[in-house]
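Peer 1: My file is work_14.txt. It has compact mmCIF, C-alpha atoms (C1' of nucleotides):
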# COMPACT_ATOMS: atom_id res chain seq x y z
CA MET A 142 38.65 -43.78 -8.17
CA THR A 143 35.40 -45.36 -9.31
CA ASP A 144 34.64 -46.44 -12.83
CA GLN A 145 32.19 -43.54 -13.08
CA ASN A 146 34.86 -41.04 -12.01
CA LEU A 147 37.16 -42.31 -14.72
CA ARG A 148 34.37 -42.10 -17.29
CA ASP A 149 33.74 -38.50 -16.26
CA MET A 150 37.41 -37.60 -16.53
CA LEU A 151 37.43 -38.87 -20.10
CA GLN A 152 34.05 -37.48 -21.16
CA THR A 153 34.59 -33.99 -19.79
CA ARG A 154 37.64 -33.88 -22.04
CA GLY A 155 35.72 -35.01 -25.09
CA LEU A 156 36.90 -38.63 -25.13
CA LYS A 157 34.54 -41.57 -25.38
CA ALA A 158 34.70 -43.71 -22.27
CA THR A 159 35.75 -47.02 -23.72
CA PHE A 160 36.82 -50.02 -21.66
CA GLN A 161 40.34 -49.62 -22.99
CA ARG A 162 40.68 -45.96 -22.09
CA ILE A 163 39.22 -46.44 -18.64
CA THR A 164 41.55 -49.36 -18.01
CA ILE A 165 44.68 -47.60 -19.23
CA LEU A 166 43.91 -44.36 -17.39
CA ASP A 167 43.26 -46.31 -14.20
CA TYR A 168 46.49 -48.19 -14.72
CA LEU A 169 48.50 -44.98 -15.03
CA MET A 170 46.82 -43.44 -11.99
CA THR A 171 47.56 -46.42 -9.81
CA HIS A 172 51.13 -47.12 -10.91
CA GLU A 173 54.10 -44.95 -10.04
CA THR A 174 56.32 -46.84 -12.42
CA HIS A 175 56.33 -44.39 -15.33
CA PRO A 176 55.78 -47.28 -17.73
CA THR A 177 56.44 -47.52 -21.45
CA ALA A 178 53.70 -48.58 -23.88
CA ASP A 179 55.18 -52.04 -23.89
CA MET A 180 55.22 -52.30 -20.09
CA ILE A 181 51.53 -51.37 -20.00
CA HIS A 182 50.80 -53.95 -22.66
CA LEU A 183 52.54 -56.65 -20.64
CA ASP A 184 50.15 -55.98 -17.76
CA LEU A 185 47.06 -55.37 -19.89
CA LYS A 186 47.41 -58.14 -22.45
CA GLU A 187 43.73 -57.98 -23.39
CA ILE A 188 44.31 -54.56 -24.96
CA SER A 189 46.17 -54.45 -28.25
CA LEU A 190 49.47 -52.62 -28.45
CA ALA A 191 48.07 -50.37 -31.18
CA THR A 192 45.29 -49.30 -28.85
CA ILE A 193 47.75 -48.68 -26.04
CA TYR A 194 49.62 -46.27 -28.32
CA ASN A 195 46.40 -44.68 -29.63
CA THR A 196 45.01 -44.22 -26.16
CA LEU A 197 48.21 -42.79 -24.72
CA GLU A 198 48.29 -40.27 -27.55
CA LYS A 199 44.73 -39.18 -26.76
CA LEU A 200 45.43 -38.93 -23.04
CA VAL A 201 48.50 -36.82 -23.76
CA ASP A 202 46.48 -34.61 -26.12
CA VAL A 203 43.95 -33.77 -23.41
CA GLY A 204 46.65 -33.23 -20.80
CA LEU A 205 45.88 -36.16 -18.50
CA VAL A 206 49.22 -37.82 -19.22
CA ILE A 207 52.67 -36.62 -20.16
CA VAL A 208 55.58 -38.24 -21.93
CA ILE A 209 58.96 -38.52 -20.28
CA ASP A 210 62.05 -39.07 -22.39
CA THR A 211 64.51 -40.37 -19.82
CA GLN A 212 67.46 -40.33 -22.22
CA LYS A 213 68.39 -43.62 -20.58
CA ASP A 214 66.65 -45.81 -23.12
CA ASP A 215 64.99 -45.32 -26.49
CA LYS A 216 61.46 -45.64 -25.20
CA ARG A 217 58.87 -43.11 -24.20
CA HIS A 218 57.69 -43.31 -20.63
CA TYR A 219 54.21 -42.18 -19.64
CA ASP A 220 53.05 -40.53 -16.45
CA TYR A 221 49.64 -39.57 -15.14
CA TYR A 222 49.68 -35.80 -14.88
CA GLY A 223 46.81 -35.00 -12.54
CA GLU A 224 48.89 -32.36 -10.82
CA PRO A 225 51.74 -30.63 -12.63
CA HIS A 226 55.09 -31.82 -11.36
CA TYR A 227 58.66 -32.34 -12.39
CA HIS A 228 60.89 -35.40 -12.56
CA ILE A 229 64.14 -36.28 -10.90
CA ILE A 230 66.05 -39.01 -12.70
CA ASN A 231 68.63 -41.01 -10.77
CA ASN A 232 71.47 -41.65 -13.16
CA ASN A 233 72.69 -44.57 -11.06
CA THR A 234 69.44 -46.51 -11.00
CA ASN A 235 67.46 -44.82 -13.82
CA GLU A 236 64.63 -44.42 -11.32
CA ILE A 237 62.19 -41.58 -12.03
CA ILE A 238 60.96 -39.64 -9.01
CA ASP A 239 57.95 -37.31 -9.10
CA ALA A 240 58.34 -34.02 -7.22
CA ASP A 241 56.30 -30.84 -6.94
CA ASN A 242 58.12 -28.79 -4.33
CA PHE A 243 58.91 -25.99 -6.73
CA ASP A 244 56.84 -23.06 -7.94
CA VAL A 245 57.11 -22.77 -11.71
CA ALA A 246 55.49 -19.32 -11.91
CA PRO A 247 58.84 -17.43 -12.02
CA LEU A 248 60.09 -19.78 -14.72
CA PHE A 249 56.92 -19.26 -16.74
CA GLU A 250 57.34 -15.51 -16.43
CA ALA A 251 60.96 -15.73 -17.55
CA ALA A 252 59.95 -17.85 -20.53
CA ARG A 253 57.21 -15.39 -21.44
CA GLN A 254 59.66 -12.53 -21.34
CA ALA A 255 62.24 -14.40 -23.39
CA SER A 256 59.84 -15.57 -26.07
CA GLY A 257 56.71 -13.41 -26.02
CA LEU A 258 54.62 -16.59 -26.06
CA ASN A 259 51.69 -17.55 -23.92
CA ILE A 260 53.13 -20.36 -21.82
CA THR A 261 50.98 -23.47 -21.78
CA GLY A 262 53.05 -26.13 -20.06
CA PHE A 263 56.43 -27.43 -19.08
CA HIS A 264 58.60 -30.50 -18.88
CA ILE A 265 61.38 -30.50 -16.33
CA GLU A 266 63.81 -33.32 -15.78
CA ILE A 267 66.52 -32.99 -13.16
CA TYR A 268 69.37 -35.48 -13.24
CA GLY A 269 71.26 -36.60 -10.18
CA VAL A 270 73.50 -39.29 -8.70
CA ASP A 271 73.58 -41.03 -5.36
CA PRO A 272 75.76 -39.00 -2.96
CA ASP A 273 77.58 -42.17 -1.88
CA GLU A 274 78.47 -43.33 -5.36
CA ALA A 275 81.69 -42.09 -6.86
CA LYS A 276 80.64 -39.90 -9.71
CA MET B 34 86.57 -20.58 -32.78
CA THR B 35 89.81 -21.86 -34.29
CA ASP B 36 90.49 -25.42 -35.22
CA GLN B 37 92.96 -25.59 -32.33
CA ASN B 38 90.31 -24.37 -29.87
CA LEU B 39 87.99 -27.10 -31.02
CA ARG B 40 90.76 -29.70 -30.70
CA ASP B 41 91.39 -28.52 -27.16
CA MET B 42 87.72 -28.71 -26.24
CA LEU B 43 87.67 -32.33 -27.35
CA GLN B 44 91.04 -33.38 -25.93
CA THR B 45 90.52 -31.85 -22.50
CA ARG B 46 87.44 -34.06 -22.29
CA GLY B 47 89.33 -37.18 -23.30
CA LEU B 48 88.14 -37.36 -26.90
CA LYS B 49 90.52 -37.75 -29.83
CA ALA B 50 90.36 -34.74 -32.11
CA THR B 51 89.27 -36.32 -35.34
CA PHE B 52 88.21 -34.38 -38.41
CA GLN B 53 84.67 -35.63 -37.97
CA ARG B 54 84.36 -34.60 -34.33
CA ILE B 55 85.86 -31.18 -34.96
CA THR B 56 83.53 -30.65 -37.90
CA ILE B 57 80.38 -31.74 -36.07
CA LEU B 58 81.20 -29.77 -32.93
CA ASP B 59 81.89 -26.69 -35.01
CA TYR B 60 78.65 -27.25 -36.86
CA LEU B 61 76.65 -27.38 -33.65
CA MET B 62 78.36 -24.30 -32.25
CA THR B 63 77.63 -22.24 -35.33
CA HIS B 64 74.05 -23.33 -35.97
CA GLU B 65 71.08 -22.33 -33.84
CA THR B 66 68.83 -24.77 -35.62
CA HIS B 67 68.80 -27.57 -33.03
CA PRO B 68 69.32 -30.11 -35.80
CA THR B 69 68.59 -33.83 -35.89
CA ALA B 70 71.28 -36.34 -36.84
CA ASP B 71 69.80 -36.47 -40.29
CA MET B 72 69.82 -32.70 -40.74
CA ILE B 73 73.50 -32.60 -39.81
CA HIS B 74 74.19 -35.38 -42.27
CA LEU B 75 72.47 -33.45 -45.05
CA ASP B 76 74.89 -30.58 -44.53
CA LEU B 77 77.95 -32.71 -43.82
CA LYS B 78 77.55 -35.39 -46.46
CA GLU B 79 81.22 -36.34 -46.28
CA ILE B 80 80.63 -37.77 -42.79
CA SER B 81 78.72 -41.02 -42.56
CA LEU B 82 75.44 -41.11 -40.69
CA ALA B 83 76.81 -43.77 -38.34
CA THR B 84 79.63 -41.42 -37.37
CA ILE B 85 77.21 -38.56 -36.86
CA TYR B 86 75.35 -40.72 -34.36
CA ASN B 87 78.55 -41.99 -32.73
CA THR B 88 79.97 -38.51 -32.42
CA LEU B 89 76.80 -36.98 -31.03
CA GLU B 90 76.70 -39.70 -28.41
CA LYS B 91 80.28 -38.90 -27.36
CA LEU B 92 79.62 -35.17 -27.27
CA VAL B 93 76.56 -35.75 -25.11
CA ASP B 94 78.55 -38.04 -22.82
CA VAL B 95 81.12 -35.34 -22.10
CA GLY B 96 78.45 -32.67 -21.67
CA LEU B 97 79.25 -30.50 -24.70
CA VAL B 98 75.90 -31.26 -26.29
CA ILE B 99 72.42 -32.10 -25.06
CA VAL B 100 69.50 -33.89 -26.59
CA ILE B 101 66.12 -32.22 -26.94
CA ASP B 102 63.01 -34.31 -27.37
CA THR B 103 60.56 -31.80 -28.78
CA GLN B 104 57.60 -34.18 -28.63
CA LYS B 105 56.66 -32.69 -31.98
CA ASP B 106 58.37 -35.33 -34.08
CA ASP B 107 60.00 -38.68 -33.47
CA LYS B 108 63.55 -37.44 -33.83
CA ARG B 109 66.16 -36.36 -31.34
CA HIS B 110 67.38 -32.80 -31.71
CA TYR B 111 70.87 -31.80 -30.64
CA ASP B 112 72.09 -28.56 -29.16
CA TYR B 113 75.52 -27.23 -28.24
CA TYR B 114 75.50 -26.81 -24.50
CA GLY B 115 78.40 -24.45 -23.79
CA GLU B 116 76.31 -22.58 -21.27
CA PRO B 117 73.45 -24.29 -19.47
CA HIS B 118 70.12 -23.03 -20.71
CA TYR B 119 66.54 -24.06 -21.17
CA HIS B 120 64.29 -24.35 -24.19
CA ILE B 121 61.04 -22.70 -25.14
CA ILE B 122 59.09 -24.60 -27.77
CA ASN B 123 56.53 -22.76 -29.85
CA ASN B 124 53.66 -25.16 -30.36
CA ASN B 125 52.46 -23.19 -33.38
CA THR B 126 55.71 -23.26 -35.33
CA ASN B 127 57.67 -26.00 -33.51
CA GLU B 128 60.51 -23.51 -33.24
CA ILE B 129 62.95 -24.10 -30.39
CA ILE B 130 64.22 -21.01 -28.59
CA ASP B 131 67.24 -21.00 -26.27
CA ALA B 132 66.89 -18.96 -23.09
CA ASP B 133 68.95 -18.54 -19.96
CA ASN B 134 67.16 -15.81 -18.04
CA PHE B 135 66.36 -18.06 -15.12
CA ASP B 136 68.43 -19.14 -12.13
CA VAL B 137 68.14 -22.88 -11.66
CA ALA B 138 69.78 -22.92 -8.22
CA PRO B 139 66.46 -22.94 -6.30
CA LEU B 140 65.17 -25.73 -8.52
CA PHE B 141 68.34 -27.74 -7.92
CA GLU B 142 67.95 -27.24 -4.17
CA ALA B 143 64.31 -28.34 -4.32
CA ALA B 144 65.30 -31.44 -6.29
CA ARG B 145 68.05 -32.24 -3.82
CA GLN B 146 65.63 -31.99 -0.93
CA ALA B 147 63.03 -34.11 -2.69
CA SER B 148 65.41 -36.87 -3.72
CA GLY B 149 68.56 -36.74 -1.62
CA LEU B 150 70.60 -36.94 -4.81
CA ASN B 151 73.54 -34.85 -5.90
CA ILE B 152 72.10 -32.90 -8.81
CA THR B 153 74.23 -33.02 -11.93
CA GLY B 154 72.13 -31.41 -14.65
CA PHE B 155 68.74 -30.50 -15.97
CA HIS B 156 66.55 -30.43 -19.02
CA ILE B 157 63.79 -27.85 -19.12
CA GLU B 158 61.34 -27.42 -21.96
CA ILE B 159 58.66 -24.77 -21.73
CA TYR B 160 55.79 -24.95 -24.20
CA GLY B 161 53.94 -21.93 -25.46
CA VAL B 162 51.70 -20.58 -28.20
CA ASP B 163 51.62 -17.31 -30.11
CA PRO B 164 49.47 -14.79 -28.20
CA ASP B 165 47.65 -13.88 -31.42
CA GLU B 166 46.68 -17.40 -32.36
CA ALA B 167 43.46 -18.76 -30.97
CA LYS B 168 44.48 -21.63 -28.72
C1' DT C 5 15.00 -50.87 -26.60
C1' DA C 6 16.58 -51.05 -31.37
C1' DA C 7 18.86 -48.84 -34.92
C1' DC C 8 22.30 -45.74 -36.47
C1' DT C 9 26.75 -43.55 -37.24
C1' DA C 10 30.96 -41.75 -36.32
C1' DA C 11 34.67 -43.08 -33.57
C1' DA C 12 37.51 -46.63 -31.54
C1' DT C 13 39.79 -51.06 -31.65
C1' DT C 14 42.54 -54.52 -33.71
C1' DA C 15 46.13 -57.68 -36.05
C1' DG C 16 49.50 -57.43 -38.73
C1' DA C 17 52.25 -54.94 -42.06
C1' DA C 18 55.03 -50.93 -42.79
C1' DT C 19 58.04 -47.26 -41.54
C1' DA C 20 62.07 -45.06 -40.07
C1' DA C 21 65.19 -43.56 -36.41
C1' DT C 22 68.84 -45.55 -34.33
C1' DT C 23 72.15 -49.24 -33.38
C1' DC C 24 75.13 -52.96 -34.68
C1' DT C 25 78.90 -55.40 -37.26
C1' DA C 26 83.22 -56.19 -38.83
C1' DA C 27 86.60 -54.38 -41.88
C1' DA C 28 89.51 -50.26 -43.11
C1' DA C 29 91.57 -45.89 -41.76
C1' DG C 30 93.52 -42.63 -38.60
C1' DA C 31 95.29 -40.34 -34.11
C1' DG C 32 98.63 -39.82 -30.97
C1' DG C 33 102.31 -41.74 -28.33
C1' DA C 34 106.95 -44.12 -28.38
C1' DT D 79 108.26 -43.81 -38.65
C1' DC D 80 106.00 -47.45 -36.28
C1' DC D 81 102.55 -49.34 -33.36
C1' DT D 82 98.33 -49.92 -31.06
C1' DC D 83 94.04 -48.68 -29.89
C1' DT D 84 90.34 -45.89 -31.28
C1' DT D 85 87.47 -44.16 -34.78
C1' DT D 86 85.11 -44.32 -39.05
C1' DT D 87 82.31 -46.50 -42.37
C1' DA D 88 78.69 -48.93 -45.42
C1' DG D 89 75.29 -51.51 -45.06
C1' DA D 90 72.55 -54.74 -42.45
C1' DA D 91 69.78 -55.30 -38.40
C1' DT D 92 66.86 -53.87 -34.84
C1' DT D 93 62.78 -52.14 -32.79
C1' DA D 94 59.72 -48.49 -31.16
C1' DT D 95 56.09 -46.52 -33.22
C1' DT D 96 52.75 -45.67 -36.93
C1' DC D 97 49.71 -47.10 -40.54
C1' DT D 98 45.95 -49.79 -42.88
C1' DA D 99 41.65 -51.45 -43.56
C1' DA D 100 38.29 -54.40 -41.60
C1' DT D 101 35.51 -55.09 -37.37
C1' DT D 102 33.42 -53.56 -33.18
C1' DT D 103 31.53 -50.29 -30.02
C1' DA D 104 29.82 -45.92 -27.53
C1' DG D 105 26.61 -42.75 -27.34
C1' DT D 106 22.74 -40.80 -29.55
C1' DT D 107 18.16 -40.80 -31.68
C1' DA D 108 13.75 -42.62 -32.77
Go ahead and express the file in the form of structure tokens.
Peer 2:
Amino acid sequence: MTDQNLRDMLQTRGLKATFQRITILDYLMTHETHPTADMIHLDLKEISLATIYNTLEKLVDVGLVIVIDTQKDDKRHYDYYGEPHYHIINNNTNEIIDADNFDVAPLFEAARQASGLNITGFHIEIYGVDPDEAK
Amino acid sequence: MTDQNLRDMLQTRGLKATFQRITILDYLMTHETHPTADMIHLDLKEISLATIYNTLEKLVDVGLVIVIDTQKDDKRHYDYYGEPHYHIINNNTNEIIDADNFDVAPLFEAARQASGLNITGFHIEIYGVDPDEAK
DNA sequence: TAACTAAATTAGAATAATTCTAAAAGAGGA
DNA sequence: TCCTCTTTTAGAATTATTCTAATTTAGTTA
């Protein structure tokens, strides 16, 4: 992903292409670690923590990034959301796995029927344990 | 739900049946409001906020209650989880709707295949907007 | 290319949800 | 009823996140 590609991703969504936004978006696209704001700040020390939070909020607003609440700690985790997907959380290791082998269309239709709303998005977290481990 | 029923629900899950736990569990079972700890405390002033948090944590641990992160505020919302269900969040009103018209078995199987884990639970939030409202 | 302006960035302070502490009260078994 | 371990509690502490107000910058216009 070139710098120009990243600029385009931001600008087509109405966001100014600042150094900080380009850097943070690139960071999220190239890391599978589902980092917290603080973890990003540790790696990108030249960007202030306030800007990390501001930028993440903007990226979430335009749909490039989503927030994951793992329920394992009190921090928000962030994930590049180029393609819609769901998360599998290993309760033994707290690892977050991305997966997309599931068609959400039937779930969307069920939600539309239940609520009458126009469905705009989803967050799915599936929890599991290692088969070896005693539960 | 009688007091004795509530006691049994707690004791069969290894929790002592204290007045506070019975009261909070009953509160969650009889309110569809998906309250925060603070909202519960406003209604149950005789129970300290620390105990509200402690009790909710225990109830979540034993699976009677789940946490919903609406992403609309910075507070955790709690929901009695007698029957597994998913949530539909209205982005216009921030209302949380319970729904269970969807079979999660195929999703569990997909998650098992993707991760190799034994699946133990799920959290699903579907976001939508009123059809009338301009998006 | 220089000037302009609204938006973005920043350091540090402020906020507030949640957790911690340690002392008092209570549940359930003997 | 007694005993022991668990639970409850008030208030302090923690800390993730937000706010503030001054500075800088991106993108546009001349």
Peer 1: Between atom CA of Glu224 of chain A and atom CA of Lys157 of chain A, measure the distance and give it in Å to one decimal.
Peer 2: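 Distance reported for this atom pair: 22.4 Å.
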Peer 1: Using all atoms of segment 5-22 of chain C that appear in the file, construct an axis-aligned enclosing box with 8 Å of padding on every side and provide its centre coordinates and edge lengths in Å, rounded to one decimal, as JSON.
Peer 2:
{"center_x": 41.9, "center_y": -49.7, "center_z": -34.7, "size_x": 69.8, "size_y": 31.9, "size_z": 32.2}
Peer 1: Counting all atoms listed in the file, which residues of chain A come no farther than 8 Å from chain C, as a ChimeraX atom specification?
Peer 2: /A:189,191-192
Peer 1: Within 10 Å of Arg217 of chain A, counting all atoms listed in the file, which residues qualify if same-chain residues fewer than 6 places away don't, as a PyMOL selection string?
Peer 2: (chain A and resi 175-179+207-211) or (chain D and resi 94)
Peer 1: Enumerate, in order of chain and increasing residue number, the residues of chain B with an atom no farther than 12 Å from chain D, each with its shortest atom pair and distance in Å to one decimal, counting all atoms listed in the file, as a tab-separated table.
Peer 2:
residue	atom	partner	partner_atom	distance
B:Gly47	CA	D:DT84	C1'	11.9
B:Leu48	CA	D:DT84	C1'	9.8
B:Lys49	CA	D:DT84	C1'	8.3
B:Ala50	CA	D:DT85	C1'	10.2
B:Thr51	CA	D:DT85	C1'	8.1
B:Phe52	CA	D:DT86	C1'	10.4
B:Gln53	CA	D:DT86	C1'	8.8
B:Arg54	CA	D:DT85	C1'	10.1
B:Glu79	CA	D:DT87	C1'	10.9
B:Ile80	CA	D:DT86	C1'	8.8
B:Ser81	CA	D:DT87	C1'	6.6
B:Leu82	CA	D:DT87	C1'	8.9
B:Ala83	CA	D:DT87	C1'	7.3
B:Thr84	CA	D:DT86	C1'	6.4
B:Ile85	CA	D:DT86	C1'	10.0
B:Tyr86	CA	D:DT86	C1'	11.4
B:Asn87	CA	D:DT86	C1'	9.4
B:Thr88	CA	D:DT85	C1'	9.7
B:Lys91	CA	D:DT85	C1'	11.6
B:Asp106	CA	D:DT95	C1'	11.5
B:Asp107	CA	D:DT95	C1'	8.8
B:Lys108	CA	D:DT95	C1'	11.8
Peer 1: For a quick test of understanding: name the residues of chain A lying within 6 Å of chain B when counting all atoms listed in the file, and present them as a PyMOL selection string.
Peer 2: chain A and resi 258-272
Peer 1: Out of A:His182, A:Arg148, A:His226, A:Arg154, which residue has the shortest atom-to-atom distance to Leu205 of chain A when counting all atoms listed in the file?
Peer 2: A:Arg154
Peer 1: Which value, in Å to one decimal, gives the distance between atom CA of Glu198 of chain A and atom CA of Asn127 of chain B?
Peer 2: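 Distance between the two atoms: 18.1 Å.
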Peer 1: Report, in Å with one decimal, the straight-line distance from atom CA of Ile237 of chain A to atom CA of Glu173 of chain A.
Peer 2: 9.0 Å
